[in-house]
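What follows is the content of input-v5.pdb, which has PDB, C-alpha atoms:
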ATOM      1  CA  MET A   1     -12.230 -24.623  19.868
ATOM      2  CA  ARG A   2      -9.317 -22.645  21.283
ATOM      3  CA  TRP A   3      -6.780 -25.199  20.087
ATOM      4  CA  LEU A   4      -8.185 -24.885  16.552
ATOM      5  CA  VAL A   5      -7.583 -21.134  16.596
ATOM      6  CA  VAL A   6      -4.057 -21.606  17.939
ATOM      7  CA  ALA A   7      -3.350 -24.234  15.276
ATOM      8  CA  ALA A   8      -4.681 -21.972  12.514
ATOM      9  CA  LEU A   9      -2.477 -19.108  13.670
ATOM     10  CA  GLY A  10       0.497 -21.444  13.759
ATOM     11  CA  TRP A  11      -0.158 -22.613  10.213
ATOM     12  CA  MET A  12      -0.463 -19.027   9.003
ATOM     13  CA  ALA A  13       2.797 -18.036  10.695
ATOM     14  CA  GLY A  14       4.537 -21.037   9.187
ATOM     15  CA  GLY A  15       3.460 -20.093   5.674
ATOM     16  CA  CYS A  16       4.358 -16.419   5.934
ATOM     17  CA  THR A  17       7.454 -14.589   4.721
ATOM     18  CA  ALA A  18       9.387 -13.172   7.678
ATOM     19  CA  VAL A  19      10.163  -9.455   7.329
ATOM     20  CA  GLN A  20      12.197  -7.474   9.833
ATOM     21  CA  LEU A  21      11.409  -3.886  10.723
ATOM     22  CA  GLU A  22      14.098  -1.581   9.378
ATOM     23  CA  ARG A  23      14.934   2.089   9.803
ATOM     24  CA  SER A  24      16.055   3.871   6.667
ATOM     25  CA  GLY A  25      16.415   7.372   8.062
ATOM     26  CA  SER A  26      13.513   8.769   6.028
ATOM     27  CA  LEU A  27      11.516   9.796   9.110
ATOM     28  CA  ALA A  28      12.105  13.143  10.795
ATOM     29  CA  SER A  29      12.285  11.336  14.143
ATOM     30  CA  TYR A  30      12.263   7.789  15.486
ATOM     31  CA  ASP A  31      11.620   8.850  19.076
ATOM     32  CA  ASN A  32       8.753   7.292  21.042
ATOM     33  CA  LEU A  33       7.896   4.656  18.439
ATOM     34  CA  THR A  34       6.275   1.711  20.180
ATOM     35  CA  PRO A  35       5.645  -1.840  18.917
ATOM     36  CA  SER A  36       2.092  -2.417  17.691
ATOM     37  CA  ASP A  37       1.960  -5.679  15.781
ATOM     38  CA  GLY A  38      -1.044  -7.135  14.027
ATOM     39  CA  LEU A  39      -1.772 -10.777  13.250
ATOM     40  CA  LEU A  40       0.355 -10.675  10.082
ATOM     41  CA  THR A  41       2.001  -7.266  10.377
ATOM     42  CA  LYS A  42       4.965  -5.968  12.323
ATOM     43  CA  SER A  43       4.848  -2.286  13.099
ATOM     44  CA  GLN A  44       6.006   0.536  15.318
ATOM     45  CA  VAL A  45       3.848   3.626  15.689
ATOM     46  CA  ARG A  46       3.579   6.939  17.442
ATOM     47  CA  VAL A  47       0.787   9.473  17.261
ATOM     48  CA  SER A  48       0.110  12.829  18.895
ATOM     49  CA  LYS A  49      -3.583  12.178  19.332
ATOM     50  CA  ALA A  50      -4.857  15.671  20.115
ATOM     51  CA  GLU A  51      -2.998  17.318  17.222
ATOM     52  CA  ILE A  52      -3.998  14.642  14.722
ATOM     53  CA  LEU A  53      -7.665  14.796  15.702
ATOM     54  CA  ALA A  54      -7.609  18.594  15.464
ATOM     55  CA  ALA A  55      -6.334  18.525  11.878
ATOM     56  CA  LYS A  56      -8.884  18.979   9.088
ATOM     57  CA  THR A  57      -6.900  19.208   5.857
ATOM     58  CA  LEU A  58      -4.154  16.978   4.538
ATOM     59  CA  ARG A  59      -1.911  16.705   1.505
ATOM     60  CA  ILE A  60      -0.136  13.585   0.246
ATOM     61  CA  GLU A  61       3.406  13.842  -1.053
ATOM     62  CA  PRO A  62       4.589  11.355  -3.700
ATOM     63  CA  THR A  63       5.504   7.932  -2.335
ATOM     64  CA  ALA A  64       9.223   7.257  -2.719
ATOM     65  CA  LEU A  65      11.653   4.334  -2.766
ATOM     66  CA  THR A  66      14.926   4.126  -0.875
ATOM     67  CA  ALA A  67      18.015   3.395  -2.952
ATOM     68  CA  ALA A  68      18.032  -0.178  -1.637
ATOM     69  CA  ALA A  69      14.385  -0.769  -2.540
ATOM     70  CA  ALA A  70      14.914   0.768  -5.983
ATOM     71  CA  ARG A  71      17.598  -1.823  -6.760
ATOM     72  CA  VAL A  72      15.070  -4.675  -6.707
ATOM     73  CA  PRO A  73      14.719  -5.881 -10.324
ATOM     74  CA  PHE A  74      11.314  -4.436 -11.137
ATOM     75  CA  SER A  75      10.497  -2.506 -14.276
ATOM     76  CA  ASP A  76       9.870   1.230 -14.045
ATOM     77  CA  GLU A  77       6.181   0.557 -14.650
ATOM     78  CA  GLN A  78       6.056  -1.950 -11.776
ATOM     79  CA  ARG A  79       7.721   0.526  -9.422
ATOM     80  CA  ARG A  80       5.277   3.257 -10.430
ATOM     81  CA  LEU A  81       2.331   0.935  -9.883
ATOM     82  CA  ILE A  82       3.497  -0.111  -6.410
ATOM     83  CA  LYS A  83       4.165   3.473  -5.312
ATOM     84  CA  ASN A  84       0.823   4.576  -6.693
ATOM     85  CA  ALA A  85      -0.965   1.736  -4.878
ATOM     86  CA  VAL A  86       0.440   3.087  -1.584
ATOM     87  CA  SER A  87      -0.647   6.657  -2.335
ATOM     88  CA  ARG A  88      -4.091   5.684  -3.637
ATOM     89  CA  ALA A  89      -4.872   3.478  -0.628
ATOM     90  CA  MET A  90      -3.741   6.210   1.770
ATOM     91  CA  CYS A  91      -5.843   8.805  -0.032
ATOM     92  CA  LEU A  92      -9.012   6.714   0.031
ATOM     93  CA  ALA A  93      -8.525   5.788   3.702
ATOM     94  CA  LEU A  94      -7.686   9.342   4.791
ATOM     95  CA  SER A  95     -10.729  10.691   2.951
ATOM     96  CA  GLU A  96     -12.905   9.140   5.658
ATOM     97  CA  ARG A  97     -12.117  12.157   7.855
ATOM     98  CA  PHE A  98      -9.811  14.637   6.128
ATOM     99  CA  ARG A  99     -10.236  17.048   3.251
ATOM    100  CA  ILE A 100      -7.463  16.094   0.844
ATOM    101  CA  VAL A 101      -5.832  18.996  -0.977
ATOM    102  CA  ALA A 102      -3.540  19.144  -4.008
ATOM    103  CA  PRO A 103       0.216  18.730  -3.422
ATOM    104  CA  ALA A 104       0.904  22.430  -4.059
ATOM    105  CA  GLU A 105      -1.628  23.590  -1.446
ATOM    106  CA  THR A 106      -0.967  24.124   2.249
ATOM    107  CA  ALA A 107      -2.662  21.813   4.742
ATOM    108  CA  ASP A 108      -2.795  21.051   8.434
ATOM    109  CA  LEU A 109      -0.863  17.828   7.803
ATOM    110  CA  SER A 110       1.518  16.603   5.112
ATOM    111  CA  VAL A 111       1.908  12.858   4.638
ATOM    112  CA  ARG A 112       4.845  11.075   3.030
ATOM    113  CA  ALA A 113       5.542   7.346   2.671
ATOM    114  CA  VAL A 114       8.849   5.732   1.705
ATOM    115  CA  ILE A 115       9.154   2.100   0.643
ATOM    116  CA  ILE A 116      12.270   0.835   2.425
ATOM    117  CA  HIS A 117      12.187  -2.868   1.553
ATOM    118  CA  VAL A 118      10.524  -4.913  -1.152
ATOM    119  CA  ALA A 119      11.012  -8.552  -2.113
ATOM    120  CA  PRO A 120       9.693  -9.802  -5.455
ATOM    121  CA  THR A 121       7.317 -12.693  -5.931
ATOM    122  CA  ASP A 122       8.540 -15.853  -7.631
ATOM    123  CA  ALA A 123       6.160 -15.742 -10.583
ATOM    124  CA  THR A 124       6.706 -19.419 -11.412
ATOM    125  CA  ALA A 125       5.848 -20.577  -7.892
ATOM    126  CA  ALA A 126       2.816 -18.271  -7.887
ATOM    127  CA  GLY A 127       1.658 -19.800 -11.166
ATOM    128  CA  VAL A 128       2.007 -23.330  -9.791
ATOM    129  CA  SER A 129       0.032 -22.303  -6.700
ATOM    130  CA  LYS A 130      -2.719 -20.814  -8.822
ATOM    131  CA  VAL A 131      -2.995 -23.980 -10.942
ATOM    132  CA  ALA A 132      -3.032 -26.139  -7.799
ATOM    133  CA  SER A 133      -5.894 -24.091  -6.373
ATOM    134  CA  VAL A 134      -7.997 -24.738  -9.478
ATOM    135  CA  VAL A 135      -7.564 -28.535  -9.553
ATOM    136  CA  PRO A 136      -9.888 -29.314  -6.575
ATOM    137  CA  SER A 137     -12.757 -27.413  -8.210
ATOM    138  CA  ILE A 138     -12.348 -29.621 -11.285
ATOM    139  CA  VAL A 139     -12.095 -32.867  -9.328
ATOM    140  CA  ALA A 140     -14.970 -32.031  -6.978
ATOM    141  CA  PRO A 141     -17.213 -29.384  -8.604
ATOM    142  CA  GLY A 142     -19.230 -27.334  -6.150
ATOM    143  CA  VAL A 143     -17.225 -28.452  -3.129
ATOM    144  CA  PRO A 144     -15.081 -25.634  -1.646
ATOM    145  CA  ILE A 145     -11.643 -27.117  -0.943
ATOM    146  CA  PRO A 146      -9.107 -24.508   0.241
ATOM    147  CA  VAL A 147      -5.609 -25.084  -1.105
ATOM    148  CA  PRO A 148      -2.794 -23.174   0.645
ATOM    149  CA  ARG A 149      -0.378 -21.293  -1.533
ATOM    150  CA  LEU A 150       3.109 -22.779  -1.848
ATOM    151  CA  PRO A 151       5.256 -21.240   0.929
ATOM    152  CA  ILE A 152       8.100 -20.413  -1.457
ATOM    153  CA  GLY A 153       8.878 -17.297  -3.444
ATOM    154  CA  LEU A 154       6.531 -15.115  -1.396
ATOM    155  CA  GLY A 155       6.982 -11.368  -1.705
ATOM    156  CA  SER A 156       7.174  -8.804   1.085
ATOM    157  CA  LEU A 157       7.081  -5.068   1.706
ATOM    158  CA  ALA A 158       8.228  -2.611   4.388
ATOM    159  CA  VAL A 159       7.290   1.068   4.498
ATOM    160  CA  GLU A 160       7.975   4.099   6.676
ATOM    161  CA  ALA A 161       5.523   6.989   6.763
ATOM    162  CA  GLU A 162       4.861  10.090   8.807
ATOM    163  CA  ALA A 163       2.515  13.037   9.106
ATOM    164  CA  ARG A 164       3.988  16.495   9.745
ATOM    165  CA  ASP A 165       2.248  19.718  10.680
ATOM    166  CA  ARG A 166       2.616  23.084   8.926
ATOM    167  CA  ASN A 167       5.899  23.689  10.768
ATOM    168  CA  GLY A 168       7.353  20.352   9.698
ATOM    169  CA  SER A 169       7.016  18.790  13.143
ATOM    170  CA  GLN A 170       6.215  15.067  13.141
ATOM    171  CA  LYS A 171       2.777  14.311  14.599
ATOM    172  CA  ALA A 172       2.443  10.643  13.659
ATOM    173  CA  ALA A 173       4.724   7.960  12.296
ATOM    174  CA  MET A 174       4.626   4.289  11.381
ATOM    175  CA  ILE A 175       7.180   1.674  10.402
ATOM    176  CA  TRP A 176       5.320  -1.224   8.794
ATOM    177  CA  ALA A 177       6.413  -4.616   7.453
ATOM    178  CA  ARG A 178       4.466  -7.588   6.147
ATOM    179  CA  GLY A 179       5.153 -10.631   4.034
ATOM    180  CA  ALA A 180       2.744 -12.539   1.839
ATOM    181  CA  ASN A 181       1.482 -15.806   3.314
ATOM    182  CA  SER A 182       0.161 -19.148   2.128
ATOM    183  CA  PHE A 183      -3.392 -18.661   3.365
ATOM    184  CA  THR A 184      -4.641 -15.120   2.766
ATOM    185  CA  SER A 185      -2.375 -13.873  -0.053
ATOM    186  CA  SER A 186      -3.693 -14.606  -3.523
ATOM    187  CA  PRO A 187      -0.816 -15.538  -5.873
ATOM    188  CA  ARG A 188      -0.374 -13.390  -8.966
ATOM    189  CA  VAL A 189       1.788 -14.551 -11.842
ATOM    190  CA  SER A 190       4.004 -11.496 -11.697
ATOM    191  CA  SER A 191       7.125 -10.507  -9.779
ATOM    192  CA  ASP A 192       5.364  -7.444  -8.331
ATOM    193  CA  GLY A 193       2.149  -9.267  -7.378
ATOM    194  CA  ASP A 194       2.653  -9.462  -3.612
ATOM    195  CA  ALA A 195       4.326  -6.057  -3.284
ATOM    196  CA  TYR A 196       1.396  -4.444  -5.120
ATOM    197  CA  ASP A 197      -1.209  -6.064  -2.855
ATOM    198  CA  LEU A 198       0.798  -5.283   0.302
ATOM    199  CA  ALA A 199       1.177  -1.656  -0.811
ATOM    200  CA  SER A 200      -2.582  -1.218  -0.601
ATOM    201  CA  ALA A 201      -2.658  -2.946   2.794
ATOM    202  CA  PHE A 202      -0.067  -0.515   4.151
ATOM    203  CA  GLY A 203      -1.872   2.532   2.777
ATOM    204  CA  ASP A 204      -5.078   1.405   4.448
ATOM    205  CA  ASP A 205      -3.364   0.802   7.812
ATOM    206  CA  PHE A 206      -1.593   4.159   7.810
ATOM    207  CA  GLY A 207      -4.807   5.888   6.833
ATOM    208  CA  LYS A 208      -6.582   4.320   9.790
ATOM    209  CA  LEU A 209      -3.796   5.498  12.107
ATOM    210  CA  LEU A 210      -4.466   9.124  11.168
ATOM    211  CA  VAL A 211      -8.247   8.892  10.927
ATOM    212  CA  THR A 212      -8.602   7.406  14.431
ATOM    213  CA  ALA A 213      -5.343   8.726  15.951
ATOM    214  CA  GLU A 214      -4.836   5.195  17.286
ATOM    215  CA  SER A 215      -2.970   2.105  16.148
ATOM    216  CA  PRO A 216      -5.066   0.162  13.608
ATOM    217  CA  PHE A 217      -3.925  -3.165  15.084
ATOM    218  CA  GLY A 218      -5.458  -5.192  17.884
ATOM    219  CA  LYS A 219      -8.984  -3.865  17.479
ATOM    220  CA  ILE A 220     -12.025  -4.280  15.264
ATOM    221  CA  SER A 221     -12.142  -1.563  12.618
ATOM    222  CA  SER A 222     -15.245   0.475  11.963
ATOM    223  CA  PRO A 223     -17.062  -0.397   8.734
ATOM    224  CA  PRO A 224     -16.107   1.796   5.755
ATOM    225  CA  SER A 225     -18.416   4.561   4.631
ATOM    226  CA  ILE A 226     -20.601   4.211   1.546
ATOM    227  CA  ALA A 227     -18.318   6.653  -0.302
ATOM    228  CA  ARG A 228     -15.273   4.528   0.574
ATOM    229  CA  LEU A 229     -16.998   1.352  -0.627
ATOM    230  CA  GLN A 230     -17.962   2.998  -3.903
ATOM    231  CA  ALA A 231     -14.390   4.203  -4.444
ATOM    232  CA  SER A 232     -12.966   0.744  -3.697
ATOM    233  CA  LEU A 233     -15.268  -0.663  -6.385
ATOM    234  CA  GLY A 234     -13.874   1.727  -8.974
ATOM    235  CA  GLY A 235     -16.185   4.675  -8.443
ATOM    236  CA  ALA A 236     -15.201   8.306  -7.995
ATOM    237  CA  PRO A 237     -13.313   8.981  -4.750
ATOM    238  CA  LYS A 238     -14.890  11.160  -2.089
ATOM    239  CA  GLU A 239     -12.049  13.692  -2.409
ATOM    240  CA  VAL A 240     -11.299  15.000  -5.904
ATOM    241  CA  ALA A 241      -7.576  15.191  -5.122
ATOM    242  CA  CYS A 242      -7.512  11.377  -4.931
ATOM    243  CA  GLU A 243      -8.202  11.233  -8.670
ATOM    244  CA  ALA A 244      -4.489  12.026  -9.077
ATOM    245  CA  PHE A 245      -3.787   8.393  -8.185
ATOM    246  CA  GLY A 246      -6.342   6.935 -10.562
ATOM    247  CA  ARG A 247      -9.398   4.947  -9.595
ATOM    248  CA  ALA A 248      -9.284   1.560  -7.927
ATOM    249  CA  PRO A 249      -9.532  -1.392 -10.359
ATOM    250  CA  GLY A 250     -12.819  -2.367  -8.698
ATOM    251  CA  LEU A 251     -14.589  -5.545  -9.763
ATOM    252  CA  VAL A 252     -12.191  -6.088 -12.666
ATOM    253  CA  GLY A 253      -9.287  -5.911 -10.244
ATOM    254  CA  MET A 254     -10.937  -8.363  -7.863
ATOM    255  CA  ILE A 255     -11.466 -10.845 -10.674
ATOM    256  CA  GLY A 256      -7.894 -10.316 -11.857
ATOM    257  CA  GLU A 257      -6.555 -10.994  -8.359
ATOM    258  CA  ARG A 258      -8.748 -14.073  -8.084
ATOM    259  CA  ILE A 259      -7.394 -15.640 -11.266
ATOM    260  CA  GLY A 260      -3.809 -14.481 -10.692
ATOM    261  CA  LEU A 261      -3.389 -11.751 -13.309
ATOM    262  CA  PRO A 262      -0.451  -9.316 -13.038
ATOM    263  CA  PRO A 263      -1.435  -5.990 -11.443
ATOM    264  CA  ASP A 264      -0.828  -3.977 -14.616
ATOM    265  CA  TRP A 265      -3.443  -6.014 -16.463
ATOM    266  CA  THR A 266      -6.239  -4.497 -14.387
ATOM    267  CA  ASP A 267      -4.779  -1.331 -12.796
ATOM    268  CA  ARG A 268      -4.181   1.616 -15.125
ATOM    269  CA  GLY A 269      -2.360   3.570 -12.407
ATOM    270  CA  THR A 270      -2.469   7.346 -12.528
ATOM    271  CA  PRO A 271      -4.503   9.162 -15.194
ATOM    272  CA  ALA A 272      -2.813  10.748 -18.206
ATOM    273  CA  ASN A 273      -2.916  14.165 -16.529
ATOM    274  CA  GLU A 274      -1.390  12.812 -13.301
ATOM    275  CA  ILE A 275      -0.330  15.277 -10.635
ATOM    276  CA  HIS A 276       2.758  13.247  -9.684
ATOM    277  CA  PRO A 277       4.453  12.328 -12.977
ATOM    278  CA  GLU A 278       7.831  10.623 -13.157
ATOM    279  CA  PRO A 279      10.694  13.106 -13.726
ATOM    280  CA  ALA A 280      10.814  13.997 -17.426
ATOM    281  CA  PRO A 281      14.048  13.840 -19.416
ATOM    282  CA  ARG A 282      15.872  17.137 -19.866
ATOM    283  CA  VAL A 283      14.885  18.896 -23.076
ATOM    284  CA  ASP A 284      17.530  20.674 -25.157
ATOM    285  CA  MET A 285      15.668  23.920 -25.947
ATOM    286  CA  LYS A 286      18.500  25.229 -28.150
ATOM    287  CA  ALA A 287      18.221  22.154 -30.366
ATOM    288  CA  ILE A 288      14.436  22.635 -30.645
ATOM    289  CA  SER A 289      14.870  26.310 -31.560
ATOM    290  CA  ALA A 290      17.368  25.358 -34.238
ATOM    291  CA  LEU A 291      14.912  22.873 -35.759
ATOM    292  CA  GLU A 292      12.106  25.428 -35.736
ATOM    293  CA  ARG A 293      14.302  27.837 -37.682
TER     294      ARG A 293
END

Just dump the structure as structure tokens.
Amino acid sequence: MRWLVVAALGWMAGGCTAVQLERSGSLASYDNLTPSDGLLTKSQVRVSKAEILAAKTLRIEPTALTAAAARVPFSDEQRRLIKNAVSRAMCLALSERFRIVAPAETADLSVRAVIIHVAPTDATAAGVSKVASVVPSIVAPGVPIPVPRLPIGLGSLAVEAEARDRNGSQKAAMIWARGANSFTSSPRVSSDGDAYDLASAFGDDFGKLLVTAESPFGKISSPPSIARLQASLGGAPKEVACEAFGRAPGLVGMIGERIGLPPDWTDRGTPANEIHPEPAPRVDMKAISALER
């Protein structure tokens, strides 16, 4: 039995995009970060356990992109959706223990994530993989035949994030990197498909780091609360402040992922009255006044 597990892990590693941990300089400090890898994830973490567990309130700053990550040829809408997926997943995960406040309010902890690396998905290869996964069900109806995704054109994501106290002192930090793989990553026919899915995975892992004040890797996680399950299925989040990131796509999103739809087909992102809008273009007030006259 052991050799089967070892073989399965080897196959997964062989069909996974390799992503190196990077340091962009976005963190206040890189001191005392220690390796804490998961099965598919590379990470370095640090956490001041007593201070994190003592905190009760938390605010989430807008997720950002480094200049290098922003140069990846995504549309503005794709970038917004990926950043929002990070923030939404963090908010839902952190709501398990913290009271989430609005960005303008003071809190025991302030959280900020920065996407430092992103590699797009090859939409054509993803489409071929999705078609290939459907063929067995046509040839042998009712017989589950797993078909690995083609190990080419897989996307990846790397993120840095930290939590700071009211004085701006870092109390927890994580550098996180993961690539899509041939066995557990569902292909979406969109260049941002893998990055979008990995964004949610990061947000969940970082949320667990702060909720437990321990690395989320190498241990069995506690089951999510009923409120968290309801929010993941598209219901109202436990914390009202999380509405700023829109509601999870829920069942529609799950179906969309299953059949390979682009993320923006099922995820509406932030609501119209979003708290973190994109910077608006400068308005020439003199020109408006002239028109009014």

Residues near region 33-43 of chain A, anyone? I mean within 6 Å using all atoms listed in the file, not counting same-chain ones fewer than 6 positions away, as a list of chain:residue names.
A:Ile175, A:Trp176, A:Ala177, A:Arg178, A:Phe217

Residues within 12 Å of Asp204 (chain A), please, as a ChimeraX atom specification. Count all atoms listed in the file; anything in the same chain fewer than 3 positions from it doesn't count.
/A:85-96,176,197-201,207-211,215-217,221,224,228,232

Enumerate, as a PyMOL selection string, the residues matched when the PyMOL selection byres ((chain A and resi 55-69) around 8) is run on the file above.
chain A and resi 24+51-54+70-72+83-84+86-87+91+97-103+105-118+276

Evaluating the PyMOL selection byres ((chain A and resi 244-249) around 9) on the displayed file yields which residues, as a PDB file with C-alpha atoms, in the frame of the given file?
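Okay, this is what ended up in part-v3.pdb:
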ATOM      1  CA  ASN A  84       0.823   4.576  -6.693  1.00  0.00           C
ATOM      2  CA  ALA A  85      -0.965   1.736  -4.878  1.00  0.00           C
ATOM      3  CA  SER A  87      -0.647   6.657  -2.335  1.00  0.00           C
ATOM      4  CA  ARG A  88      -4.091   5.684  -3.637  1.00  0.00           C
ATOM      5  CA  ALA A  89      -4.872   3.478  -0.628  1.00  0.00           C
ATOM      6  CA  CYS A  91      -5.843   8.805  -0.032  1.00  0.00           C
ATOM      7  CA  ALA A 102      -3.540  19.144  -4.008  1.00  0.00           C
ATOM      8  CA  ALA A 231     -14.390   4.203  -4.444  1.00  0.00           C
ATOM      9  CA  SER A 232     -12.966   0.744  -3.697  1.00  0.00           C
ATOM     10  CA  LEU A 233     -15.268  -0.663  -6.385  1.00  0.00           C
ATOM     11  CA  GLY A 234     -13.874   1.727  -8.974  1.00  0.00           C
ATOM     12  CA  GLY A 235     -16.185   4.675  -8.443  1.00  0.00           C
ATOM     13  CA  ALA A 236     -15.201   8.306  -7.995  1.00  0.00           C
ATOM     14  CA  PRO A 237     -13.313   8.981  -4.750  1.00  0.00           C
ATOM     15  CA  VAL A 240     -11.299  15.000  -5.904  1.00  0.00           C
ATOM     16  CA  ALA A 241      -7.576  15.191  -5.122  1.00  0.00           C
ATOM     17  CA  CYS A 242      -7.512  11.377  -4.931  1.00  0.00           C
ATOM     18  CA  GLU A 243      -8.202  11.233  -8.670  1.00  0.00           C
ATOM     19  CA  GLY A 250     -12.819  -2.367  -8.698  1.00  0.00           C
ATOM     20  CA  LEU A 251     -14.589  -5.545  -9.763  1.00  0.00           C
ATOM     21  CA  VAL A 252     -12.191  -6.088 -12.666  1.00  0.00           C
ATOM     22  CA  GLY A 253      -9.287  -5.911 -10.244  1.00  0.00           C
ATOM     23  CA  MET A 254     -10.937  -8.363  -7.863  1.00  0.00           C
ATOM     24  CA  THR A 266      -6.239  -4.497 -14.387  1.00  0.00           C
ATOM     25  CA  ASP A 267      -4.779  -1.331 -12.796  1.00  0.00           C
ATOM     26  CA  ARG A 268      -4.181   1.616 -15.125  1.00  0.00           C
ATOM     27  CA  GLY A 269      -2.360   3.570 -12.407  1.00  0.00           C
ATOM     28  CA  THR A 270      -2.469   7.346 -12.528  1.00  0.00           C
ATOM     29  CA  PRO A 271      -4.503   9.162 -15.194  1.00  0.00           C
ATOM     30  CA  ASN A 273      -2.916  14.165 -16.529  1.00  0.00           C
ATOM     31  CA  GLU A 274      -1.390  12.812 -13.301  1.00  0.00           C
ATOM     32  CA  ILE A 275      -0.330  15.277 -10.635  1.00  0.00           C
ATOM     33  CA  HIS A 276       2.758  13.247  -9.684  1.00  0.00           C
TER      34      HIS A 276
END

What are the centre and the three edge lengths of an axis-aligned box that wraps all atoms of region 242-249 of chain A in the file, given that 5 Å is added to every side, written as lines of an AutoDock Vina configuration file and rounded to one decimal in Å?
center_x = -6.7
center_y = 5.3
center_z = -7.7
size_x = 15.7
size_y = 23.4
size_z = 15.6

Just the number, please: distance in Å from CA of Thr124 (chain A) to CA of Ser75 (chain A), one decimal.
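These two atoms are separated by 17.6 Å.
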
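Minimum atom-to-atom distance to Ser186 (chain A), evaluated using all atoms listed in the file, belongs to A:Val131 out of A:Ala28, A:Val131, A:Met174, A:Leu229.
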
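Here CA of Ser225 (chain A) is placed at a distance of 26.3 Å from CA of Ala195 (chain A).
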
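Here the question is which of A:Ser222, A:Thr17, A:Thr212, A:Ser169 gets nearest to Ala50 (chain A) using all atoms listed in the file, and that residue is A:Thr212.
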
What would region 94-99 of chain A look like with all heavy atoms in place, written as an mmCIF file, keeping the file's coordinate frame?
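Written file, rebuild.cif:
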data_model
loop_
_atom_site.group_PDB
_atom_site.id
_atom_site.type_symbol
_atom_site.label_atom_id
_atom_site.label_comp_id
_atom_site.auth_asym_id
_atom_site.auth_seq_id
_atom_site.Cartn_x
_atom_site.Cartn_y
_atom_site.Cartn_z
ATOM 1 N N LEU A 94 -7.720 8.049 4.111
ATOM 2 C CA LEU A 94 -7.686 9.342 4.791
ATOM 3 C C LEU A 94 -8.900 10.198 4.473
ATOM 4 O O LEU A 94 -9.277 11.075 5.250
ATOM 5 C CB LEU A 94 -6.403 10.088 4.408
ATOM 6 C CG LEU A 94 -5.111 9.457 4.944
ATOM 7 C CD1 LEU A 94 -3.900 10.022 4.226
ATOM 8 C CD2 LEU A 94 -5.001 9.676 6.439
ATOM 9 N N SER A 95 -9.538 9.932 3.338
ATOM 10 C CA SER A 95 -10.729 10.691 2.951
ATOM 11 C C SER A 95 -11.907 10.440 3.886
ATOM 12 O O SER A 95 -12.887 11.191 3.855
ATOM 13 C CB SER A 95 -11.145 10.326 1.519
ATOM 14 O OG SER A 95 -10.152 10.689 0.589
ATOM 15 N N GLU A 96 -11.829 9.423 4.705
ATOM 16 C CA GLU A 96 -12.905 9.140 5.658
ATOM 17 C C GLU A 96 -13.078 10.281 6.654
ATOM 18 O O GLU A 96 -14.160 10.464 7.200
ATOM 19 C CB GLU A 96 -12.619 7.831 6.402
ATOM 20 C CG GLU A 96 -12.653 6.581 5.553
ATOM 21 C CD GLU A 96 -14.072 6.126 5.240
ATOM 22 O OE1 GLU A 96 -14.781 6.836 4.479
ATOM 23 O OE2 GLU A 96 -14.480 5.072 5.747
ATOM 24 N N ARG A 97 -11.992 11.059 6.896
ATOM 25 C CA ARG A 97 -12.117 12.157 7.855
ATOM 26 C C ARG A 97 -11.540 13.481 7.355
ATOM 27 O O ARG A 97 -12.040 14.552 7.695
ATOM 28 C CB ARG A 97 -11.450 11.787 9.188
ATOM 29 C CG ARG A 97 -11.662 12.843 10.281
ATOM 30 C CD ARG A 97 -11.239 12.341 11.642
ATOM 31 N NE ARG A 97 -9.810 12.206 11.802
ATOM 32 C CZ ARG A 97 -8.995 13.218 12.116
ATOM 33 N NH1 ARG A 97 -9.482 14.437 12.260
ATOM 34 N NH2 ARG A 97 -7.710 13.016 12.277
ATOM 35 N N PHE A 98 -10.503 13.422 6.536
ATOM 36 C CA PHE A 98 -9.811 14.637 6.128
ATOM 37 C C PHE A 98 -10.295 15.160 4.778
ATOM 38 O O PHE A 98 -10.769 14.403 3.944
ATOM 39 C CB PHE A 98 -8.308 14.371 6.015
ATOM 40 C CG PHE A 98 -7.638 14.030 7.318
ATOM 41 C CD1 PHE A 98 -7.436 12.699 7.681
ATOM 42 C CD2 PHE A 98 -7.224 15.021 8.181
ATOM 43 C CE1 PHE A 98 -6.824 12.372 8.871
ATOM 44 C CE2 PHE A 98 -6.601 14.707 9.379
ATOM 45 C CZ PHE A 98 -6.404 13.380 9.731
ATOM 46 N N ARG A 99 -10.103 16.472 4.594
ATOM 47 C CA ARG A 99 -10.236 17.048 3.251
ATOM 48 C C ARG A 99 -8.861 16.995 2.615
ATOM 49 O O ARG A 99 -7.906 17.562 3.148
ATOM 50 C CB ARG A 99 -10.755 18.483 3.310
ATOM 51 C CG ARG A 99 -10.950 19.091 1.921
ATOM 52 C CD ARG A 99 -11.658 20.422 1.998
ATOM 53 N NE ARG A 99 -10.855 21.467 2.603
ATOM 54 C CZ ARG A 99 -9.939 22.197 1.933
ATOM 55 N NH1 ARG A 99 -9.730 21.988 0.646
ATOM 56 N NH2 ARG A 99 -9.274 23.139 2.562
#
